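Shown next: input-v8.pdb, containing PDB, C-alpha atoms and all ligand atoms.
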ATOM      1  CA  VAL A   8      15.502   4.854   3.279
ATOM      2  CA  ALA A   9      18.518   2.536   2.896
ATOM      3  CA  ALA A  10      20.394   0.705   0.176
ATOM      4  CA  VAL A  11      23.385  -1.470  -0.555
ATOM      5  CA  ARG A  12      24.883  -0.035  -3.721
ATOM      6  CA  ARG A  13      27.901  -0.223  -5.970
ATOM      7  CA  ASP A  14      30.735   2.177  -5.224
ATOM      8  CA  GLY A  15      30.370   5.435  -7.090
ATOM      9  CA  THR A  16      26.557   5.273  -7.459
ATOM     10  CA  GLY A  17      24.341   7.839  -5.759
ATOM     11  CA  ALA A  18      21.150   7.564  -3.669
ATOM     12  CA  ASP A  19      17.828   7.001  -5.483
ATOM     13  CA  GLY A  20      19.462   5.996  -8.764
ATOM     14  CA  PRO A  21      20.595   2.792 -10.454
ATOM     15  CA  GLY A  22      23.407   0.704  -8.984
ATOM     16  CA  TRP A  23      21.628  -0.724  -5.947
ATOM     17  CA  GLN A  24      21.674  -4.342  -4.897
ATOM     18  CA  VAL A  25      19.320  -4.276  -1.887
ATOM     19  CA  ARG A  26      16.983  -1.376  -1.335
ATOM     20  CA  VAL A  27      14.617  -0.460   1.518
ATOM     21  CA  VAL A  28      11.569   1.718   0.891
ATOM     22  CA  PRO A  29       8.577   2.710   3.036
ATOM     23  CA  ASN A  30       5.627   0.411   2.262
ATOM     24  CA  LYS A  31       3.291   2.182  -0.143
ATOM     25  CA  TYR A  32       0.335   0.596   1.686
ATOM     26  CA  PRO A  33       1.541   0.730   5.293
ATOM     27  CA  ALA A  34      -0.228  -1.176   8.053
ATOM     28  CA  THR A  35       0.982   1.437  10.526
ATOM     29  CA  VAL A  36       1.378   5.208  10.724
ATOM     30  CA  ARG A  37       4.603   6.954  11.655
ATOM     31  CA  PRO A  38       4.788   8.370  15.204
ATOM     32  CA  GLN A  39       4.573  12.012  14.118
ATOM     33  CA  GLU A  40       1.375  11.248  12.141
ATOM     34  CA  SER A  41      -0.477   9.252  14.781
ATOM     35  CA  THR A  42      -3.030  10.747  17.115
ATOM     36  CA  PRO A  43      -3.053  10.066  20.865
ATOM     37  CA  GLY A  44      -5.003   6.930  21.705
ATOM     38  CA  LYS A  45      -6.867   5.264  24.560
ATOM     39  CA  THR A  46      -9.688   7.776  24.262
ATOM     40  CA  PRO A  47     -12.936   6.694  22.605
ATOM     41  CA  ALA A  48     -14.917   9.164  20.538
ATOM     42  CA  ARG A  49     -17.184  11.422  22.609
ATOM     43  CA  GLY A  50     -20.158   9.566  24.035
ATOM     44  CA  GLU A  51     -18.710   6.065  23.354
ATOM     45  CA  PRO A  52     -18.274   3.587  26.257
ATOM     46  CA  ILE A  53     -14.566   3.642  27.231
ATOM     47  CA  GLU A  54     -14.753   0.163  28.820
ATOM     48  CA  LEU A  55     -15.599  -1.328  25.421
ATOM     49  CA  LEU A  56     -14.111   0.863  22.754
ATOM     50  CA  GLN A  57     -10.538   1.618  23.797
ATOM     51  CA  THR A  58      -8.141   2.353  20.973
ATOM     52  CA  VAL A  59      -4.457   2.941  20.536
ATOM     53  CA  PRO A  60      -2.978   4.457  17.403
ATOM     54  CA  ALA A  61      -1.368   2.007  14.958
ATOM     55  CA  THR A  62       2.006   3.670  15.435
ATOM     56  CA  GLY A  63       4.870   2.019  13.634
ATOM     57  CA  ALA A  64       7.220   1.904  10.687
ATOM     58  CA  HIS A  65       6.429  -0.395   7.767
ATOM     59  CA  GLU A  66       9.201  -0.988   5.261
ATOM     60  CA  VAL A  67       9.781  -3.201   2.235
ATOM     61  CA  ILE A  68      13.216  -4.690   1.687
ATOM     62  CA  ILE A  69      13.642  -5.256  -2.065
ATOM     63  CA  GLU A  70      16.126  -8.067  -2.331
ATOM     64  CA  SER A  71      17.341  -7.700  -5.899
ATOM     65  CA  PRO A  72      17.110  -5.225  -8.784
ATOM     66  CA  ARG A  73      16.579  -8.286 -11.034
ATOM     67  CA  HIS A  74      13.026  -9.541 -11.328
ATOM     68  CA  ILE A  75      13.472 -12.753  -9.376
ATOM     69  CA  ARG A  76      10.798 -14.610  -7.445
ATOM     70  CA  SER A  77      12.926 -16.556  -5.025
ATOM     71  CA  VAL A  78      15.910 -15.545  -2.927
ATOM     72  CA  THR A  79      17.408 -18.915  -3.866
ATOM     73  CA  GLU A  80      18.175 -17.270  -7.222
ATOM     74  CA  LEU A  81      20.556 -14.863  -5.461
ATOM     75  CA  SER A  82      24.263 -15.591  -5.125
ATOM     76  CA  ALA A  83      25.615 -16.343  -1.642
ATOM     77  CA  SER A  84      27.097 -12.853  -1.318
ATOM     78  CA  GLU A  85      23.887 -11.183  -2.530
ATOM     79  CA  LEU A  86      21.749 -13.056   0.008
ATOM     80  CA  ALA A  87      24.307 -12.264   2.726
ATOM     81  CA  GLU A  88      23.749  -8.537   2.031
ATOM     82  CA  VAL A  89      19.995  -9.070   2.447
ATOM     83  CA  PHE A  90      20.466 -10.689   5.866
ATOM     84  CA  ARG A  91      22.845  -7.870   6.850
ATOM     85  CA  MET A  92      20.218  -5.351   5.814
ATOM     86  CA  TYR A  93      17.677  -7.117   8.078
ATOM     87  CA  ALA A  94      20.016  -6.523  11.041
ATOM     88  CA  GLN A  95      20.805  -2.976   9.972
ATOM     89  CA  ARG A  96      17.126  -1.957   9.728
ATOM     90  CA  LEU A  97      16.231  -3.590  13.040
ATOM     91  CA  ASP A  98      19.161  -1.778  14.631
ATOM     92  CA  HIS A  99      18.073   1.492  13.054
ATOM     93  CA  HIS A 100      14.598   1.240  14.590
ATOM     94  CA  ARG A 101      15.987   0.143  17.944
ATOM     95  CA  ARG A 102      18.248   3.192  18.043
ATOM     96  CA  SER A 103      15.436   5.557  17.023
ATOM     97  CA  GLY A 104      13.984   5.078  20.511
ATOM     98  CA  PHE A 105      10.415   5.186  19.129
ATOM     99  CA  TYR A 106       9.797   1.450  19.038
ATOM    100  CA  ARG A 107       9.888  -1.577  21.326
ATOM    101  CA  TYR A 108       9.791  -4.363  18.756
ATOM    102  CA  GLY A 109      10.594  -4.987  15.107
ATOM    103  CA  LEU A 110       9.318  -7.981  13.171
ATOM    104  CA  LEU A 111      11.189  -8.842  10.009
ATOM    105  CA  PHE A 112       9.103 -11.179   7.859
ATOM    106  CA  LYS A 113       8.812 -12.601   4.385
ATOM    107  CA  ASN A 114       5.667 -13.683   2.517
ATOM    108  CA  VAL A 115       6.178 -15.766  -0.621
ATOM    109  CA  GLY A 116       3.243 -16.882  -2.776
ATOM    110  CA  SER A 117      -0.402 -15.863  -2.498
ATOM    111  CA  ALA A 118      -1.159 -18.635   0.029
ATOM    112  CA  ALA A 119       1.375 -16.911   2.292
ATOM    113  CA  GLY A 120      -0.122 -13.450   1.832
ATOM    114  CA  ALA A 121       2.237 -12.096  -0.828
ATOM    115  CA  SER A 122       0.750  -9.606  -3.269
ATOM    116  CA  MET A 123       3.938  -9.128  -5.257
ATOM    117  CA  PRO A 124       6.159 -11.825  -6.814
ATOM    118  CA  HIS A 125       9.440  -9.834  -6.845
ATOM    119  CA  ALA A 126      11.701 -11.084  -4.027
ATOM    120  CA  HIS A 127      11.166  -8.901  -0.964
ATOM    121  CA  SER A 128      10.746  -8.933   2.790
ATOM    122  CA  GLN A 129       9.012  -6.535   5.145
ATOM    123  CA  LEU A 130       9.706  -4.988   8.499
ATOM    124  CA  ILE A 131       7.126  -3.581  10.878
ATOM    125  CA  ALA A 132       8.454  -1.775  13.940
ATOM    126  CA  LEU A 133       5.920  -1.381  16.749
ATOM    127  CA  THR A 134       5.649   0.595  19.966
ATOM    128  CA  ALA A 135       4.565  -2.527  21.899
ATOM    129  CA  VAL A 136       5.777  -6.123  22.076
ATOM    130  CA  PRO A 137       3.189  -8.147  20.115
ATOM    131  CA  ALA A 138       1.242 -10.849  21.991
ATOM    132  CA  GLY A 139       2.727 -13.855  20.135
ATOM    133  CA  VAL A 140       6.259 -12.693  20.915
ATOM    134  CA  ALA A 141       5.343 -11.811  24.514
ATOM    135  CA  GLU A 142       4.018 -15.358  24.971
ATOM    136  CA  GLU A 143       7.307 -16.830  23.709
ATOM    137  CA  LEU A 144       9.280 -14.525  25.995
ATOM    138  CA  ALA A 145       7.131 -15.480  28.994
ATOM    139  CA  GLY A 146       7.536 -19.207  28.231
ATOM    140  CA  SER A 147      11.299 -18.942  27.850
ATOM    141  CA  LEU A 148      11.550 -16.886  31.065
ATOM    142  CA  GLU A 149       9.593 -19.579  32.908
ATOM    143  CA  PHE A 150      11.878 -22.313  31.526
ATOM    144  CA  HIS A 151      14.936 -20.303  32.552
ATOM    145  CA  ALA A 152      13.548 -19.750  36.061
ATOM    146  CA  SER A 153      12.911 -23.452  36.586
ATOM    147  CA  THR A 154      16.034 -24.914  34.929
ATOM    148  CA  GLY A 155      18.585 -22.077  34.867
ATOM    149  CA  ARG A 156      18.998 -22.617  31.111
ATOM    150  CA  CYS A 157      17.931 -20.899  27.902
ATOM    151  CA  VAL A 158      15.244 -23.135  26.398
ATOM    152  CA  TYR A 159      16.623 -22.633  22.872
ATOM    153  CA  CYS A 160      20.211 -23.511  23.887
ATOM    154  CA  ARG A 161      18.824 -26.611  25.599
ATOM    155  CA  MET A 162      16.776 -27.477  22.509
ATOM    156  CA  ILE A 163      19.817 -27.129  20.217
ATOM    157  CA  GLU A 164      21.828 -29.389  22.550
ATOM    158  CA  LEU A 165      19.102 -32.040  22.573
ATOM    159  CA  GLU A 166      18.394 -31.962  18.834
ATOM    160  CA  ARG A 167      22.088 -32.168  17.921
ATOM    161  CA  SER A 168      22.542 -35.173  20.195
ATOM    162  CA  ARG A 169      19.496 -36.987  18.751
ATOM    163  CA  CYS A 170      19.617 -35.838  15.094
ATOM    164  CA  ALA A 171      16.054 -37.016  14.291
ATOM    165  CA  ARG A 172      14.732 -33.487  13.811
ATOM    166  CA  VAL A 173      17.920 -31.801  12.529
ATOM    167  CA  VAL A 174      17.610 -30.686   8.896
ATOM    168  CA  ALA A 175      21.066 -29.171   8.408
ATOM    169  CA  GLU A 176      23.766 -27.448  10.355
ATOM    170  CA  SER A 177      26.729 -25.216   9.799
ATOM    171  CA  LYS A 178      29.562 -24.045  12.039
ATOM    172  CA  SER A 179      27.400 -21.381  13.634
ATOM    173  CA  LEU A 180      23.750 -22.370  13.073
ATOM    174  CA  VAL A 181      21.399 -25.302  13.099
ATOM    175  CA  ALA A 182      18.118 -25.883  11.226
ATOM    176  CA  VAL A 183      15.577 -28.166  12.887
ATOM    177  CA  CYS A 184      11.967 -29.215  12.478
ATOM    178  CA  PRO A 185      10.893 -28.426  16.041
ATOM    179  CA  PHE A 186       9.390 -31.031  18.356
ATOM    180  CA  ALA A 187       5.577 -31.041  18.100
ATOM    181  CA  SER A 188       5.687 -28.409  15.341
ATOM    182  CA  ARG A 189       2.469 -26.721  14.276
ATOM    183  CA  PHE A 190       2.849 -26.959  10.505
ATOM    184  CA  PRO A 191       4.126 -29.613   8.058
ATOM    185  CA  TYR A 192       7.828 -29.030   7.314
ATOM    186  CA  GLU A 193       7.988 -26.084   9.743
ATOM    187  CA  THR A 194      11.726 -25.434  10.162
ATOM    188  CA  TRP A 195      13.573 -23.166  12.578
ATOM    189  CA  LEU A 196      17.049 -21.737  12.140
ATOM    190  CA  LEU A 197      18.907 -21.020  15.363
ATOM    191  CA  PRO A 198      22.392 -19.646  16.026
ATOM    192  CA  ARG A 199      24.373 -22.239  17.994
ATOM    193  CA  GLU A 200      25.855 -19.556  20.214
ATOM    194  CA  HIS A 201      23.427 -17.879  22.617
ATOM    195  CA  THR A 202      22.463 -14.445  21.229
ATOM    196  CA  SER A 203      19.166 -12.718  22.024
ATOM    197  CA  GLY A 204      19.055  -9.878  19.475
ATOM    198  CA  TYR A 205      19.354 -10.431  15.728
ATOM    199  CA  GLU A 206      20.339  -6.806  15.160
ATOM    200  CA  SER A 207      23.632  -7.401  16.950
ATOM    201  CA  VAL A 208      24.778 -10.190  14.587
ATOM    202  CA  THR A 209      28.173  -9.665  12.968
ATOM    203  CA  ARG A 210      28.551  -9.429   9.175
ATOM    204  CA  CYS A 211      29.921 -12.931   9.238
ATOM    205  CA  GLN A 212      26.971 -14.350  11.268
ATOM    206  CA  ALA A 213      24.446 -12.651   8.973
ATOM    207  CA  GLY A 214      26.226 -14.250   6.003
ATOM    208  CA  ALA A 215      26.168 -17.673   7.679
ATOM    209  CA  THR A 216      22.443 -17.279   8.408
ATOM    210  CA  ALA A 217      21.785 -16.395   4.754
ATOM    211  CA  SER A 218      23.781 -19.373   3.595
ATOM    212  CA  LEU A 219      21.931 -21.909   5.786
ATOM    213  CA  MET A 220      18.583 -20.332   4.861
ATOM    214  CA  ALA A 221      19.420 -20.658   1.155
ATOM    215  CA  ARG A 222      20.295 -24.317   1.623
ATOM    216  CA  VAL A 223      17.089 -25.100   3.509
ATOM    217  CA  LEU A 224      14.936 -23.128   1.054
ATOM    218  CA  ARG A 225      16.491 -24.886  -1.935
ATOM    219  CA  GLY A 226      15.694 -28.221  -0.307
ATOM    220  CA  MET A 227      12.141 -27.138   0.443
ATOM    221  CA  GLU A 228      11.585 -25.804  -3.073
ATOM    222  CA  ARG A 229      12.698 -29.125  -4.481
ATOM    223  CA  LEU A 230      10.903 -31.389  -2.030
ATOM    224  CA  LEU A 231       7.642 -29.421  -1.949
ATOM    225  CA  ASP A 232       7.659 -27.991  -5.502
ATOM    226  CA  ARG A 233       8.258 -24.317  -4.671
ATOM    227  CA  PRO A 234       5.661 -23.927  -1.925
ATOM    228  CA  ALA A 235       4.264 -20.635  -0.650
ATOM    229  CA  TYR A 236       5.979 -19.868   2.649
ATOM    230  CA  ASN A 237       6.534 -17.332   5.380
ATOM    231  CA  TYR A 238       9.584 -16.787   7.488
ATOM    232  CA  PHE A 239      10.109 -14.314  10.285
ATOM    233  CA  ILE A 240      12.846 -13.417  12.719
ATOM    234  CA  HIS A 241      11.947 -13.691  16.384
ATOM    235  CA  THR A 242      14.325 -11.442  18.282
ATOM    236  CA  ALA A 243      14.335  -9.884  21.757
ATOM    237  CA  PRO A 244      12.462  -6.590  22.301
ATOM    238  CA  PHE A 245      14.653  -3.583  21.503
ATOM    239  CA  ASP A 246      14.782  -2.324  25.072
ATOM    240  CA  ARG A 247      15.332  -5.691  26.705
ATOM    241  CA  HIS A 248      18.471  -7.353  25.460
ATOM    242  CA  PRO A 249      20.858  -8.982  25.961
ATOM    243  CA  LEU A 250      18.620 -11.546  27.648
ATOM    244  CA  ASP A 251      19.836 -14.809  29.167
ATOM    245  CA  HIS A 252      16.506 -16.563  28.602
ATOM    246  CA  TYR A 253      15.767 -15.572  24.983
ATOM    247  CA  HIS A 254      17.565 -16.612  21.816
ATOM    248  CA  TRP A 255      16.840 -15.158  18.378
ATOM    249  CA  HIS A 256      15.658 -17.606  15.742
ATOM    250  CA  ILE A 257      13.962 -17.698  12.351
ATOM    251  CA  GLU A 258      10.744 -19.655  11.938
ATOM    252  CA  LEU A 259      10.181 -20.842   8.370
ATOM    253  CA  ILE A 260       6.688 -22.104   7.580
ATOM    254  CA  PRO A 261       5.689 -23.562   4.203
ATOM    255  CA  ARG A 262       1.975 -22.911   3.703
ATOM    256  CA  LEU A 263       0.740 -26.353   2.758
ATOM    257  CA  THR A 264      -2.238 -26.627   5.106
ATOM    258  CA  LYS A 265      -4.991 -24.115   5.850
ATOM    259  CA  ILE A 266      -5.668 -22.754   9.289
ATOM    260  CA  ALA A 267      -9.253 -23.964   9.704
ATOM    261  CA  GLY A 268     -12.041 -23.925  12.269
ATOM    262  CA  PHE A 269     -10.334 -26.100  14.849
ATOM    263  CA  GLU A 270      -7.125 -24.036  14.756
ATOM    264  CA  CYS A 271      -9.055 -20.744  14.926
ATOM    265  CA  GLY A 272     -11.250 -22.023  17.748
ATOM    266  CA  THR A 273      -8.556 -23.525  19.910
ATOM    267  CA  GLY A 274      -5.090 -22.259  18.993
ATOM    268  CA  VAL A 275      -4.212 -25.973  18.641
ATOM    269  CA  TYR A 276      -2.757 -27.051  15.292
ATOM    270  CA  ILE A 277      -3.331 -30.286  13.415
ATOM    271  CA  ASN A 278      -0.086 -31.220  11.657
ATOM    272  CA  PRO A 279      -0.319 -34.240   9.342
ATOM    273  CA  VAL A 280       3.480 -34.540   8.896
ATOM    274  CA  ALA A 281       5.543 -35.488  11.951
ATOM    275  CA  PRO A 282       8.613 -33.234  12.299
ATOM    276  CA  GLU A 283      10.852 -36.332  12.368
ATOM    277  CA  THR A 284       9.503 -37.337   8.933
ATOM    278  CA  ALA A 285       9.796 -33.784   7.584
ATOM    279  CA  ALA A 286      13.401 -33.471   8.809
ATOM    280  CA  ARG A 287      14.386 -36.836   7.328
ATOM    281  CA  GLN A 288      12.924 -35.931   3.921
ATOM    282  CA  LEU A 289      14.584 -32.514   3.948
ATOM    283  CA  ARG A 290      17.924 -34.084   4.941
ATOM    284  CA  GLU A 291      17.629 -36.554   2.081
ATOM    285  CA  VAL A 292      16.881 -33.890  -0.512
ATOM    286  CA  LEU A 293      19.718 -31.691   0.819
ATOM    287  CA  ALA A 294      22.185 -34.585   0.633
ATOM    288  CA  ASP A 295      21.172 -35.062  -2.960
ATOM    289  CA  GLN A 296      21.702 -31.499  -4.201
TER     290      GLN A 296
HETATM  291 ZN    ZN A 301      20.164 -19.605  24.130
HETATM  292 ZN    ZN A 302       9.663 -17.891  17.825
END

Structure rendered as structure tokens:
Amino acid sequence: VAAVRRDGTGADGPGWQVRVVPNKYPATVRPQESTPGKTPARGEPIELLQTVPATGAHEVIIESPRHIRSVTELSASELAEVFRMYAQRLDHHRRSGFYRYGLLFKNVGSAAGASMPHAHSQLIALTAVPAGVAEELAGSLEFHASTGRCVYCRMIELERSRCARVVAESKSLVAVCPFASRFPYETWLLPREHTSGYESVTRCQAGATASLMARVLRGMERLLDRPAYNYFIHTAPFDRHPLDHYHWHIELIPRLTKIAGFECGTGVYINPVAPETAARQLREVLADQ
């Protein structure tokens, strides 16, 4: 459905650098294929068995024609094209008018849910804003209402003044291990300038995001011996930005601990590595490479 390719090469042939294809095993069905929902089968109790169709678009972004396992094996300009493609696909689904939210995510390693080793990411566009994102939006709206500030801008300001949880920064972004983070070595990348939608990043900002991500991932791969990980872009709902209270960011989570009974039962996470310790170790390994 989309590709970055060398000049003079045609669609669906060799010469591509980044390529986007529909997922062969989609979690969702396209709008024209889905049946109307909210009606249980005849004779079933509607108060218990409500359904909605799993309407959405599910795509795979193949990040290199070479058989590589990690995006850290890509050159800076190759990874920049990948991060531009993320924005381009999100923008495509926003413009289609079918969807309200698009989650761009990456699974690396079987502990992170990956079934394929070749470097790739996925995008699922949905007709509703998913609950986890809605909760973040509600929390940031509440913070904005009580302080008049974007919680992420405020967080960036605080972390940069304290440094204890800063992993790395560049001219336009900062990487931090967030305060009271859920997972060991959980790291967030945030643009320093307030922007709510990732799909509106410039070519230059997408390149800067790729470059900081590569740096952080290289550090993590070295420090944690190529861990399984997930990252995902949290961006504003398609129909609701620009927003003053929401700020796009990428959450990067190495999968070193299992979500167990306590986490499932409470939604509270036990993290054995303090973010201050994680950030210091990541800073040290980054300084050394
Ligand atoms: Zn902000
Ligand atoms: Zn988030």

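Remark: for ligand ZN 302 (chain A), the closest of the candidate residues A:Thr273, A:Asn278, A:Thr242, A:Gln24 is A:Thr242 (distances computed over all atoms listed in the file).
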
_Which residues are close to Gly20 of chain A, i.e. within 12 Å by all atoms listed in the file, leaving aside same-chain residues fewer than 6 positions away? Reply as a count of residues only._
6

Give me, as a PDB file with C-alpha atoms, in the frame of the given file, all polymer residues having an atom no more than 8 Å from segment 99-106 of chain A, counting all atoms listed in the file and skipping those fewer than 2 positions away in the same chain.
ATOM      1  CA  PRO A  38       4.788   8.370  15.204  1.00  0.00           C
ATOM      2  CA  GLY A  63       4.870   2.019  13.634  1.00  0.00           C
ATOM      3  CA  GLN A  95      20.805  -2.976   9.972  1.00  0.00           C
ATOM      4  CA  ARG A  96      17.126  -1.957   9.728  1.00  0.00           C
ATOM      5  CA  LEU A  97      16.231  -3.590  13.040  1.00  0.00           C
ATOM      6  CA  TYR A 108       9.791  -4.363  18.756  1.00  0.00           C
ATOM      7  CA  GLY A 109      10.594  -4.987  15.107  1.00  0.00           C
ATOM      8  CA  ALA A 132       8.454  -1.775  13.940  1.00  0.00           C
ATOM      9  CA  LEU A 133       5.920  -1.381  16.749  1.00  0.00           C
ATOM     10  CA  THR A 134       5.649   0.595  19.966  1.00  0.00           C
ATOM     11  CA  ALA A 135       4.565  -2.527  21.899  1.00  0.00           C
ATOM     12  CA  PHE A 245      14.653  -3.583  21.503  1.00  0.00           C
ATOM     13  CA  ASP A 246      14.782  -2.324  25.072  1.00  0.00           C
TER      14      ASP A 246
END

*Residues within 9 Å of ligand ZN 302 (chain A), counting only C-alpha atoms and all ligand atoms: report them as a list in words.*
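Residues lying within 9 Å of ligand ZN 302 (chain A): Gly139, Val140, Glu143, Leu144, Trp195, Phe239, Ile240, His241, Thr242, His254, Trp255, His256, Ile257 and Glu258 of chain A.
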
Those selected residues, please, written with C-alpha atoms and delivered as an mmCIF file, keeping the file's coordinate frame.
data_model
loop_
_atom_site.group_PDB
_atom_site.id
_atom_site.type_symbol
_atom_site.label_atom_id
_atom_site.label_comp_id
_atom_site.auth_asym_id
_atom_site.auth_seq_id
_atom_site.Cartn_x
_atom_site.Cartn_y
_atom_site.Cartn_z
ATOM 1 C CA GLY A 139 2.727 -13.855 20.135
ATOM 2 C CA VAL A 140 6.259 -12.693 20.915
ATOM 3 C CA GLU A 143 7.307 -16.830 23.709
ATOM 4 C CA LEU A 144 9.280 -14.525 25.995
ATOM 5 C CA TRP A 195 13.573 -23.166 12.578
ATOM 6 C CA PHE A 239 10.109 -14.314 10.285
ATOM 7 C CA ILE A 240 12.846 -13.417 12.719
ATOM 8 C CA HIS A 241 11.947 -13.691 16.384
ATOM 9 C CA THR A 242 14.325 -11.442 18.282
ATOM 10 C CA HIS A 254 17.565 -16.612 21.816
ATOM 11 C CA TRP A 255 16.840 -15.158 18.378
ATOM 12 C CA HIS A 256 15.658 -17.606 15.742
ATOM 13 C CA ILE A 257 13.962 -17.698 12.351
ATOM 14 C CA GLU A 258 10.744 -19.655 11.938
#

Assuming the chain letters and numbering stay as they are in my file, what does the PyMOL selection byres (((not hetatm)) within 7 of (chain A and resi 301)) actually select? List them as an mmCIF file with C-alpha atoms, in the frame of the given file.
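Wrote it out as out-v2.cif, contents follow:
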data_model
loop_
_atom_site.group_PDB
_atom_site.id
_atom_site.type_symbol
_atom_site.label_atom_id
_atom_site.label_comp_id
_atom_site.auth_asym_id
_atom_site.auth_seq_id
_atom_site.Cartn_x
_atom_site.Cartn_y
_atom_site.Cartn_z
ATOM 1 C CA CYS A 157 17.931 -20.899 27.902
ATOM 2 C CA VAL A 158 15.244 -23.135 26.398
ATOM 3 C CA TYR A 159 16.623 -22.633 22.872
ATOM 4 C CA CYS A 160 20.211 -23.511 23.887
ATOM 5 C CA GLU A 200 25.855 -19.556 20.214
ATOM 6 C CA HIS A 201 23.427 -17.879 22.617
ATOM 7 C CA THR A 202 22.463 -14.445 21.229
ATOM 8 C CA ASP A 251 19.836 -14.809 29.167
ATOM 9 C CA HIS A 252 16.506 -16.563 28.602
ATOM 10 C CA TYR A 253 15.767 -15.572 24.983
ATOM 11 C CA HIS A 254 17.565 -16.612 21.816
#

*Please, what distance in Å, to one decimal, runs between atom CA of Arg199 of chain A and atom CA of Ser84 of chain A?*
21.6 Å

*So what do you get for atom CA of Ala9 of chain A versus atom CA of Cys211 of chain A, distance-wise?*
20.2 Å
